[in-house]
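Colleague: Structure file data15.cif (mmCIF, C-alpha atoms and all ligand atoms) is given on the next line.
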data_protein
#
loop_
_atom_site.group_PDB
_atom_site.id
_atom_site.type_symbol
_atom_site.label_atom_id
_atom_site.label_comp_id
_atom_site.auth_asym_id
_atom_site.auth_seq_id
_atom_site.Cartn_x
_atom_site.Cartn_y
_atom_site.Cartn_z
ATOM 1 C CA MET Z 1 -23.750 -2.824 3.941
ATOM 2 C CA ALA Z 2 -23.452 -5.243 1.035
ATOM 3 C CA ILE Z 3 -21.470 -5.695 -2.114
ATOM 4 C CA LEU Z 4 -23.864 -5.834 -5.053
ATOM 5 C CA LYS Z 5 -23.455 -7.755 -8.321
ATOM 6 C CA ILE Z 6 -22.380 -5.502 -11.179
ATOM 7 C CA VAL Z 7 -24.164 -6.330 -14.434
ATOM 8 C CA LYS Z 8 -22.199 -6.511 -17.665
ATOM 9 C CA TYR Z 9 -22.904 -5.082 -21.102
ATOM 10 C CA GLY Z 10 -25.587 -7.186 -22.778
ATOM 11 C CA ASP Z 11 -27.948 -6.983 -19.810
ATOM 12 C CA PRO Z 12 -31.019 -5.015 -21.023
ATOM 13 C CA VAL Z 13 -31.151 -2.975 -17.783
ATOM 14 C CA LEU Z 14 -28.122 -0.985 -19.041
ATOM 15 C CA ARG Z 15 -30.165 0.248 -22.032
ATOM 16 C CA LYS Z 16 -33.310 1.170 -20.102
ATOM 17 C CA LYS Z 17 -34.062 4.790 -19.230
ATOM 18 C CA THR Z 18 -34.259 5.003 -15.449
ATOM 19 C CA ALA Z 19 -37.170 6.326 -13.369
ATOM 20 C CA PRO Z 20 -36.699 9.346 -11.079
ATOM 21 C CA VAL Z 21 -36.377 8.759 -7.339
ATOM 22 C CA THR Z 22 -39.555 10.268 -5.870
ATOM 23 C CA GLU Z 23 -38.732 9.968 -2.161
ATOM 24 C CA ILE Z 24 -35.525 9.488 -0.181
ATOM 25 C CA THR Z 25 -36.512 6.475 1.874
ATOM 26 C CA ASP Z 26 -34.362 4.279 4.122
ATOM 27 C CA ASP Z 27 -34.171 1.834 1.197
ATOM 28 C CA ILE Z 28 -32.671 4.525 -1.048
ATOM 29 C CA ILE Z 29 -30.131 5.468 1.657
ATOM 30 C CA GLN Z 30 -29.229 1.779 2.058
ATOM 31 C CA LEU Z 31 -28.921 1.381 -1.729
ATOM 32 C CA ALA Z 32 -26.561 4.400 -1.905
ATOM 33 C CA GLU Z 33 -24.384 2.933 0.874
ATOM 34 C CA ASP Z 34 -24.282 -0.471 -0.829
ATOM 35 C CA MET Z 35 -23.433 1.151 -4.173
ATOM 36 C CA LEU Z 36 -20.547 3.055 -2.568
ATOM 37 C CA GLU Z 37 -19.223 -0.113 -0.954
ATOM 38 C CA THR Z 38 -19.542 -1.947 -4.295
ATOM 39 C CA MET Z 39 -17.751 0.887 -6.137
ATOM 40 C CA TYR Z 40 -14.850 0.971 -3.639
ATOM 41 C CA ALA Z 41 -14.508 -2.834 -3.768
ATOM 42 C CA ALA Z 42 -14.517 -3.004 -7.593
ATOM 43 C CA PRO Z 43 -12.490 -0.680 -7.538
ATOM 44 C CA GLY Z 44 -14.097 2.128 -9.505
ATOM 45 C CA VAL Z 45 -14.633 5.855 -9.399
ATOM 46 C CA GLY Z 46 -18.363 5.713 -10.080
ATOM 47 C CA LEU Z 47 -21.365 3.410 -10.219
ATOM 48 C CA ALA Z 48 -24.925 3.946 -11.459
ATOM 49 C CA GLY Z 49 -28.182 2.248 -10.426
ATOM 50 C CA PRO Z 50 -28.619 0.230 -13.666
ATOM 51 C CA GLN Z 51 -25.159 -1.296 -13.146
ATOM 52 C CA VAL Z 52 -26.490 -3.019 -10.040
ATOM 53 C CA GLY Z 53 -29.808 -3.873 -11.709
ATOM 54 C CA VAL Z 54 -31.728 -0.920 -10.235
ATOM 55 C CA SER Z 55 -33.427 1.214 -12.887
ATOM 56 C CA LEU Z 56 -33.594 4.399 -10.817
ATOM 57 C CA GLN Z 57 -31.881 7.786 -11.183
ATOM 58 C CA ILE Z 58 -29.183 7.289 -8.593
ATOM 59 C CA CYS Z 59 -25.417 7.123 -8.960
ATOM 60 C CA VAL Z 60 -22.333 7.413 -6.764
ATOM 61 C CA ILE Z 61 -18.934 8.920 -7.502
ATOM 62 C CA ASP Z 62 -15.595 9.237 -5.713
ATOM 63 C CA VAL Z 63 -12.552 10.229 -7.743
ATOM 64 C CA VAL Z 64 -10.272 11.007 -4.798
ATOM 65 C CA PRO Z 65 -7.191 8.769 -4.983
ATOM 66 C CA GLU Z 66 -6.559 5.973 -2.486
ATOM 67 C CA GLY Z 67 -6.557 6.654 1.213
ATOM 68 C CA LYS Z 68 -8.897 9.632 1.366
ATOM 69 C CA ARG Z 69 -12.587 9.431 0.544
ATOM 70 C CA ASN Z 70 -15.019 11.978 -0.854
ATOM 71 C CA PRO Z 71 -18.187 10.082 -1.756
ATOM 72 C CA ILE Z 72 -20.838 11.912 -3.762
ATOM 73 C CA VAL Z 73 -24.367 10.528 -4.147
ATOM 74 C CA LEU Z 74 -26.380 12.008 -7.004
ATOM 75 C CA ILE Z 75 -30.136 11.575 -7.163
ATOM 76 C CA ASN Z 76 -32.074 12.625 -10.295
ATOM 77 C CA PRO Z 77 -28.985 14.371 -11.752
ATOM 78 C CA LYS Z 78 -29.110 16.449 -14.911
ATOM 79 C CA VAL Z 79 -26.318 18.058 -16.953
ATOM 80 C CA LEU Z 80 -27.337 21.702 -17.406
ATOM 81 C CA SER Z 81 -24.411 22.872 -19.559
ATOM 82 C CA GLY Z 82 -20.908 21.935 -20.658
ATOM 83 C CA GLU Z 83 -17.713 23.647 -21.812
ATOM 84 C CA ASP Z 84 -14.611 22.591 -23.766
ATOM 85 C CA LYS Z 85 -14.558 19.078 -25.139
ATOM 86 C CA VAL Z 86 -11.547 16.885 -24.256
ATOM 87 C CA GLU Z 87 -10.665 13.304 -25.092
ATOM 88 C CA LEU Z 88 -9.684 10.887 -22.326
ATOM 89 C CA GLU Z 89 -9.378 7.125 -22.054
ATOM 90 C CA GLU Z 90 -12.121 5.611 -19.939
ATOM 91 C CA GLY Z 91 -13.337 2.253 -18.762
ATOM 92 C CA CYS Z 92 -16.590 1.004 -17.331
ATOM 93 C CA LEU Z 93 -17.249 -1.568 -14.624
ATOM 94 C CA SER Z 94 -19.869 -3.135 -16.941
ATOM 95 C CA PHE Z 95 -17.171 -3.579 -19.642
ATOM 96 C CA PRO Z 96 -14.299 -5.291 -17.808
ATOM 97 C CA LYS Z 97 -10.857 -4.747 -19.359
ATOM 98 C CA ILE Z 98 -12.134 -2.551 -22.197
ATOM 99 C CA TYR Z 99 -10.729 0.967 -22.398
ATOM 100 C CA GLU Z 100 -11.456 3.511 -25.139
ATOM 101 C CA LYS Z 101 -10.889 7.216 -25.706
ATOM 102 C CA VAL Z 102 -14.075 9.261 -25.330
ATOM 103 C CA LYS Z 103 -14.603 12.966 -26.031
ATOM 104 C CA ARG Z 104 -16.651 14.702 -23.336
ATOM 105 C CA TRP Z 105 -17.096 18.145 -21.740
ATOM 106 C CA ASN Z 106 -14.144 19.166 -19.574
ATOM 107 C CA LYS Z 107 -16.402 21.307 -17.386
ATOM 108 C CA VAL Z 108 -20.079 20.716 -16.626
ATOM 109 C CA ARG Z 109 -22.788 22.332 -14.543
ATOM 110 C CA VAL Z 110 -24.956 19.656 -12.949
ATOM 111 C CA GLU Z 111 -28.134 19.764 -10.898
ATOM 112 C CA TYR Z 112 -29.007 16.917 -8.517
ATOM 113 C CA VAL Z 113 -30.660 16.084 -5.231
ATOM 114 C CA ASP Z 114 -28.447 14.893 -2.382
ATOM 115 C CA LEU Z 115 -29.276 12.163 0.145
ATOM 116 C CA LYS Z 116 -30.702 14.793 2.527
ATOM 117 C CA GLY Z 117 -33.158 15.903 -0.150
ATOM 118 C CA ASN Z 118 -31.384 19.205 -0.907
ATOM 119 C CA LEU Z 119 -31.380 20.404 -4.510
ATOM 120 C CA LYS Z 120 -27.757 21.165 -5.467
ATOM 121 C CA GLU Z 121 -26.150 22.844 -8.457
ATOM 122 C CA VAL Z 122 -22.413 22.325 -8.924
ATOM 123 C CA GLU Z 123 -19.755 23.047 -11.521
ATOM 124 C CA VAL Z 124 -17.125 20.334 -11.836
ATOM 125 C CA GLU Z 125 -14.166 19.925 -14.140
ATOM 126 C CA GLY Z 126 -11.449 17.556 -15.285
ATOM 127 C CA PHE Z 127 -11.709 13.886 -14.372
ATOM 128 C CA LEU Z 128 -14.590 14.551 -11.949
ATOM 129 C CA ALA Z 129 -16.587 16.099 -14.808
ATOM 130 C CA LYS Z 130 -15.883 12.972 -16.887
ATOM 131 C CA ALA Z 131 -17.162 10.746 -14.097
ATOM 132 C CA PHE Z 132 -20.341 12.828 -13.674
ATOM 133 C CA GLN Z 133 -21.082 12.561 -17.415
ATOM 134 C CA HIS Z 134 -20.268 8.828 -17.554
ATOM 135 C CA GLU Z 135 -22.611 8.057 -14.631
ATOM 136 C CA ILE Z 136 -25.435 10.346 -15.812
ATOM 137 C CA ASP Z 137 -25.228 8.647 -19.230
ATOM 138 C CA HIS Z 138 -25.854 5.293 -17.510
ATOM 139 C CA LEU Z 139 -29.091 6.739 -16.094
ATOM 140 C CA ASN Z 140 -30.183 7.527 -19.650
ATOM 141 C CA GLY Z 141 -29.358 4.070 -21.005
ATOM 142 C CA LYS Z 142 -26.187 5.316 -22.665
ATOM 143 C CA VAL Z 143 -22.759 3.666 -22.379
ATOM 144 C CA PHE Z 144 -19.276 4.900 -23.267
ATOM 145 C CA ILE Z 145 -18.921 2.814 -26.451
ATOM 146 C CA ASP Z 146 -21.854 4.788 -27.922
ATOM 147 C CA TYR Z 147 -19.375 7.647 -28.454
ATOM 148 C CA LEU Z 148 -17.081 5.543 -30.645
ATOM 149 C CA PRO Z 149 -17.186 5.605 -34.420
ATOM 150 C CA ASP Z 150 -19.295 2.731 -35.824
ATOM 151 C CA TRP Z 151 -16.311 0.650 -36.923
ATOM 152 C CA LYS Z 152 -14.661 0.851 -33.506
ATOM 153 C CA ARG Z 153 -17.852 0.126 -31.581
ATOM 154 C CA LYS Z 154 -18.444 -2.919 -33.792
ATOM 155 C CA LEU Z 155 -14.933 -4.181 -33.003
ATOM 156 C CA VAL Z 156 -15.596 -3.804 -29.262
ATOM 157 C CA GLU Z 157 -18.928 -5.631 -29.619
ATOM 158 C CA LYS Z 158 -17.207 -8.406 -31.589
ATOM 159 C CA GLU Z 159 -14.636 -8.774 -28.799
ATOM 160 C CA ILE Z 160 -17.452 -8.960 -26.223
ATOM 161 C CA ARG Z 161 -19.216 -11.688 -28.281
ATOM 162 C CA ARG Z 162 -15.909 -13.579 -28.394
ATOM 163 C CA ARG Z 163 -15.505 -13.303 -24.628
ATOM 164 C CA LYS Z 164 -19.124 -14.355 -24.043
ATOM 165 C CA LYS Z 165 -18.583 -17.497 -26.184
ATOM 166 C CA GLY Z 166 -15.539 -18.348 -24.087
ATOM 167 C CA LYS Z 167 -17.617 -17.743 -20.906
ATOM 168 C CA ASN Z 168 -15.182 -14.966 -20.209
ATOM 169 C CA TRP Z 169 -17.684 -12.106 -19.815
HETATM 170 O O1 LIG Z 201 -19.639 3.662 -14.214
HETATM 171 C C1 LIG Z 201 -18.656 2.927 -14.188
HETATM 172 O O2 LIG Z 201 -18.618 1.936 -14.892
HETATM 173 C C2 LIG Z 201 -17.482 3.264 -13.336
HETATM 174 C C3 LIG Z 201 -16.338 3.801 -14.137
HETATM 175 C C4 LIG Z 201 -16.463 5.304 -14.167
HETATM 176 C C5 LIG Z 201 -15.554 6.116 -15.007
HETATM 177 C C6 LIG Z 201 -14.369 5.665 -15.509
HETATM 178 C C7 LIG Z 201 -13.555 6.497 -16.250
HETATM 179 C C8 LIG Z 201 -13.909 7.764 -16.513
HETATM 180 C C9 LIG Z 201 -15.088 8.212 -16.031
HETATM 181 C C10 LIG Z 201 -15.906 7.400 -15.281
HETATM 182 C C11 LIG Z 201 -15.052 3.330 -13.475
HETATM 183 O O3 LIG Z 201 -14.824 3.595 -12.346
HETATM 184 S S1 LIG Z 201 -13.942 2.394 -14.401
HETATM 185 C C12 LIG Z 201 -12.570 2.158 -13.287
HETATM 186 C C13 LIG Z 201 -11.696 3.363 -13.145
HETATM 187 O O4 LIG Z 201 -11.780 4.290 -13.921
HETATM 188 C C14 LIG Z 201 -10.730 3.416 -12.028
HETATM 189 C C15 LIG Z 201 -10.611 2.399 -11.120
HETATM 190 C C16 LIG Z 201 -9.686 2.478 -10.087
HETATM 191 C C17 LIG Z 201 -8.876 3.576 -9.962
HETATM 192 C C18 LIG Z 201 -8.985 4.603 -10.864
HETATM 193 C C19 LIG Z 201 -9.909 4.534 -11.895
HETATM 194 ZN ZN ZN Z 202 -19.840 2.736 -16.639
#
Written as structure tokens, that's how I'd like the structure from this file.
Modeller:
Amino acid sequence: MAILKIVKYGDPVLRKKTAPVTEITDDIIQLAEDMLETMYAAPGVGLAGPQVGVSLQICVIDVVPEGKRNPIVLINPKVLSGEDKVELEEGCLSFPKIYEKVKRWNKVRVEYVDLKGNLKEVEVEGFLAKAFQHEIDHLNGKVFIDYLPDWKRKLVEKEIRRRKKGKNW
């Protein structure tokens, strides 16, 4: 197991559309384990391939609070449908110390392949649904500030430029 480097906003890999995983090899299983370890260490509730520089459709999620663990590995996930939009503050491990309110589906139906190669279809809601959408967005080159109105996104980008200048990003 290894803790991987998490890339920050500005790295082009975060804007690239990822390639599907075509085979669940030992390398993919190892990558999933390393991503989980990296997510727990951060700490975070999710992590997507591009955030560790891997442009593949793989992400990990665990929203269970401290102590217990319920890791979920999603390969080639797709949101099939959504219900009821709700607004919630979210952060992103590629945007340290930036938190913004984002409107997303409160309930989503998602299809994915698990690490054993089984095709799954699940319905999730609440914070877990938010995490699924946030991570699946990463696989499509989308990040949470894309949901903000132009003026707000520009302010966030200005703050990031300021932090980069101060070598604080
Ligand atoms: O993809 C990521 O950058 C991970 C991100 C996922 C996420 C955050 C908020 C809503 C939906 C998805 C994070 O994990 S940010 C850190 C975070 O939310 C958190 C960290 C420790 C405890 C509880 C939450
Ligand atoms: Zn993120």
Colleague: Once 4 Å is added on each side, what centre and edge lengths in Å to one decimal does the axis-aligned box around all listed atoms of ligand LIG 201 (chain Z) have, as JSON?
Modeller:
{"center_x": -14.3, "center_y": 5.1, "center_z": -13.2, "size_x": 18.8, "size_y": 14.3, "size_z": 14.6}
Colleague: Run the PyMOL selection byres (((not hetatm)) within 8 of (chain Z and resi 201)) against the file shown and list the residues it catches, as number ranges by chain.
Modeller: Z: 39, 42-48, 51, 61, 63, 65, 88-95, 127-128, 130-135, 138
Colleague: Got a sec to resolve the PyMOL selection byres (((chain Z and resi 125) around 12) and not hetatm) on this structure and send the residues as a ChimeraX atom specification?
Modeller: /Z:63,81-86,104-110,122-124,126-133
Colleague: Carefully work through the PyMOL selection byres (((chain Z and resi 56) around 12) and not hetatm) for this structure and note down the residues it includes, as a ChimeraX atom specification.
Modeller: /Z:13-14,16-24,28,31-32,48-55,57-59,74-77,136,138-141
Colleague: I need the chosen residues saved as a PDB file, keeping the file's coordinate frame, with C-alpha atoms.
Modeller:
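Once everything was written out, this is selection.pdb:
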ATOM      1  CA  VAL Z  13     -31.151  -2.975 -17.783  1.00  0.00           C
ATOM      2  CA  LEU Z  14     -28.122  -0.985 -19.041  1.00  0.00           C
ATOM      3  CA  LYS Z  16     -33.310   1.170 -20.102  1.00  0.00           C
ATOM      4  CA  LYS Z  17     -34.062   4.790 -19.230  1.00  0.00           C
ATOM      5  CA  THR Z  18     -34.259   5.003 -15.449  1.00  0.00           C
ATOM      6  CA  ALA Z  19     -37.170   6.326 -13.369  1.00  0.00           C
ATOM      7  CA  PRO Z  20     -36.699   9.346 -11.079  1.00  0.00           C
ATOM      8  CA  VAL Z  21     -36.377   8.759  -7.339  1.00  0.00           C
ATOM      9  CA  THR Z  22     -39.555  10.268  -5.870  1.00  0.00           C
ATOM     10  CA  GLU Z  23     -38.732   9.968  -2.161  1.00  0.00           C
ATOM     11  CA  ILE Z  24     -35.525   9.488  -0.181  1.00  0.00           C
ATOM     12  CA  ILE Z  28     -32.671   4.525  -1.048  1.00  0.00           C
ATOM     13  CA  LEU Z  31     -28.921   1.381  -1.729  1.00  0.00           C
ATOM     14  CA  ALA Z  32     -26.561   4.400  -1.905  1.00  0.00           C
ATOM     15  CA  ALA Z  48     -24.925   3.946 -11.459  1.00  0.00           C
ATOM     16  CA  GLY Z  49     -28.182   2.248 -10.426  1.00  0.00           C
ATOM     17  CA  PRO Z  50     -28.619   0.230 -13.666  1.00  0.00           C
ATOM     18  CA  GLN Z  51     -25.159  -1.296 -13.146  1.00  0.00           C
ATOM     19  CA  VAL Z  52     -26.490  -3.019 -10.040  1.00  0.00           C
ATOM     20  CA  GLY Z  53     -29.808  -3.873 -11.709  1.00  0.00           C
ATOM     21  CA  VAL Z  54     -31.728  -0.920 -10.235  1.00  0.00           C
ATOM     22  CA  SER Z  55     -33.427   1.214 -12.887  1.00  0.00           C
ATOM     23  CA  GLN Z  57     -31.881   7.786 -11.183  1.00  0.00           C
ATOM     24  CA  ILE Z  58     -29.183   7.289  -8.593  1.00  0.00           C
ATOM     25  CA  CYS Z  59     -25.417   7.123  -8.960  1.00  0.00           C
ATOM     26  CA  LEU Z  74     -26.380  12.008  -7.004  1.00  0.00           C
ATOM     27  CA  ILE Z  75     -30.136  11.575  -7.163  1.00  0.00           C
ATOM     28  CA  ASN Z  76     -32.074  12.625 -10.295  1.00  0.00           C
ATOM     29  CA  PRO Z  77     -28.985  14.371 -11.752  1.00  0.00           C
ATOM     30  CA  ILE Z 136     -25.435  10.346 -15.812  1.00  0.00           C
ATOM     31  CA  HIS Z 138     -25.854   5.293 -17.510  1.00  0.00           C
ATOM     32  CA  LEU Z 139     -29.091   6.739 -16.094  1.00  0.00           C
ATOM     33  CA  ASN Z 140     -30.183   7.527 -19.650  1.00  0.00           C
ATOM     34  CA  GLY Z 141     -29.358   4.070 -21.005  1.00  0.00           C
TER      35      GLY Z 141
END
Colleague: Go through Z:Ile3, Z:Ile72, Z:Ile98, Z:Ile145 one by one, measure the shortest atom-to-atom distance of each to Arg163 (chain Z) using all atoms listed in the file, and give the residue with the smallest value.
Modeller: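 Checking each of Z:Ile3, Z:Ile72, Z:Ile98, Z:Ile145 against Arg163 (chain Z), counting all atoms listed in the file, the winner is Z:Ile98.
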Colleague: Taking all atoms listed in the file into account, name the residue in Z:Thr25, Z:Ala41, Z:Lys116, Z:Val156 that is nearest to Lys5 (chain Z).
Modeller: Z:Ala41
Colleague: Go through Z:Tyr40, Z:Phe144, Z:Tyr112, Z:Tyr99 one by one, measure the shortest atom-to-atom distance of each to ligand ZN 202 (chain Z) using all atoms listed in the file, and give the residue with the smallest value.
Modeller: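 Ranking Z:Tyr40, Z:Phe144, Z:Tyr112, Z:Tyr99 by distance to ligand ZN 202 (chain Z), first place goes to Z:Phe144.
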Colleague: To one decimal in Å, tell me the separation between CA of Val73 (chain Z) and CA of Asp114 (chain Z).
Modeller: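 It comes out at 6.2 Å.
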Colleague: Expressed in Å to a single decimal, how great is the separation between CA of Leu4 (chain Z) and CA of Thr38 (chain Z)?
Modeller: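 Between CA of Leu4 (chain Z) and CA of Thr38 (chain Z) the gap is 5.9 Å.
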Colleague: Of the candidates Z:Leu148, Z:Val7, Z:Met1, Z:Leu115, which one gets nearest to ligand ZN 202 (chain Z) if we count only C-alpha atoms and all ligand atoms?
Modeller: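 Using only C-alpha atoms and all ligand atoms, ligand ZN 202 (chain Z) sits closest to Z:Val7.
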Colleague: Give me, please, the distance in Å between CA of Arg15 (chain Z) and CA of Asp137 (chain Z), quoted to one decimal.
Modeller: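 Interatomic distance, CA of Arg15 (chain Z) to CA of Asp137 (chain Z): 10.1 Å.
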Colleague: Quick one: region 75-157 of chain Z from the block, C-alpha atoms, as a compact mmCIF listing (two decimals), in the first residue's frame.
Modeller:
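Resulting contents of out.txt:
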# COMPACT_ATOMS: atom_id res chain seq x y z
CA ILE Z 75 -15.03 1.35 -11.98
CA ASN Z 76 -16.51 2.91 -15.16
CA PRO Z 77 -19.38 4.50 -13.17
CA LYS Z 78 -22.27 6.28 -14.83
CA VAL Z 79 -25.14 8.32 -13.35
CA LEU Z 80 -28.32 6.87 -14.85
CA SER Z 81 -30.86 9.22 -13.25
CA GLY Z 82 -31.29 11.74 -10.45
CA GLU Z 83 -34.07 13.12 -8.24
CA ASP Z 84 -34.57 16.27 -6.14
CA LYS Z 85 -31.84 18.88 -6.28
CA VAL Z 86 -30.36 20.05 -2.96
CA GLU Z 87 -27.61 22.52 -2.12
CA LEU Z 88 -24.77 21.50 0.19
CA GLU Z 89 -21.35 22.90 0.99
CA GLU Z 90 -18.56 20.78 -0.44
CA GLY Z 91 -14.81 20.74 -0.67
CA CYS Z 92 -12.35 18.91 -2.87
CA LEU Z 93 -8.95 17.44 -2.05
CA SER Z 94 -7.60 19.14 -5.21
CA PHE Z 95 -8.80 22.53 -3.86
CA PRO Z 96 -7.40 22.66 -0.31
CA LYS Z 97 -9.31 24.94 2.08
CA ILE Z 98 -11.89 26.01 -0.50
CA TYR Z 99 -15.52 25.23 0.30
CA GLU Z 100 -18.54 26.27 -1.78
CA LYS Z 101 -22.24 25.44 -1.91
CA VAL Z 102 -23.13 23.19 -4.85
CA LYS Z 103 -26.58 22.10 -6.03
CA ARG Z 104 -26.73 18.41 -6.94
CA TRP Z 105 -29.21 15.50 -7.05
CA ASN Z 106 -30.20 14.27 -3.59
CA LYS Z 107 -30.83 10.77 -4.94
CA VAL Z 108 -29.08 9.11 -7.88
CA ARG Z 109 -29.15 5.75 -9.62
CA VAL Z 110 -25.63 4.75 -10.62
CA GLU Z 111 -24.22 1.87 -12.64
CA TYR Z 112 -20.62 0.72 -12.12
CA VAL Z 113 -18.35 -2.30 -12.14
CA ASP Z 114 -16.92 -3.46 -8.82
CA LEU Z 115 -13.39 -4.78 -8.21
CA LYS Z 116 -14.62 -8.35 -8.79
CA GLY Z 117 -15.86 -7.38 -12.24
CA ASN Z 118 -19.57 -7.47 -11.32
CA LEU Z 119 -21.84 -4.91 -12.96
CA LYS Z 120 -23.80 -3.16 -10.18
CA GLU Z 121 -26.73 -0.76 -10.16
CA VAL Z 122 -27.39 1.13 -6.93
CA GLU Z 123 -29.60 3.95 -5.70
CA VAL Z 124 -27.93 6.22 -3.17
CA GLU Z 125 -29.10 9.35 -1.42
CA GLY Z 126 -28.04 12.22 0.81
CA PHE Z 127 -24.34 12.85 1.36
CA LEU Z 128 -23.39 9.54 -0.30
CA ALA Z 129 -25.21 10.64 -3.46
CA LYS Z 130 -23.24 13.92 -3.36
CA ALA Z 131 -19.97 12.02 -3.10
CA PHE Z 132 -20.89 9.72 -6.01
CA GLN Z 133 -21.68 12.74 -8.22
CA HIS Z 134 -18.55 14.66 -7.13
CA GLU Z 135 -16.28 11.69 -7.94
CA ILE Z 136 -18.00 10.79 -11.23
CA ASP Z 137 -17.64 14.45 -12.29
CA HIS Z 138 -13.86 14.14 -11.76
CA LEU Z 139 -13.86 11.24 -14.25
CA ASN Z 140 -15.46 13.55 -16.81
CA GLY Z 141 -12.98 16.39 -16.25
CA LYS Z 142 -15.49 18.38 -14.23
CA VAL Z 143 -14.80 19.98 -10.83
CA PHE Z 144 -17.13 21.43 -8.20
CA ILE Z 145 -16.38 25.10 -8.98
CA ASP Z 146 -17.88 24.53 -12.46
CA TYR Z 147 -21.30 24.67 -10.76
CA LEU Z 148 -20.71 28.17 -9.38
CA PRO Z 149 -21.98 31.31 -11.06
CA ASP Z 150 -19.28 32.94 -13.24
CA TRP Z 151 -18.54 35.74 -10.78
CA LYS Z 152 -18.03 33.33 -7.88
CA ARG Z 153 -15.91 30.90 -9.87
CA LYS Z 154 -13.72 33.81 -11.00
CA LEU Z 155 -13.23 34.86 -7.37
CA VAL Z 156 -12.17 31.31 -6.44
CA GLU Z 157 -9.76 31.21 -9.39
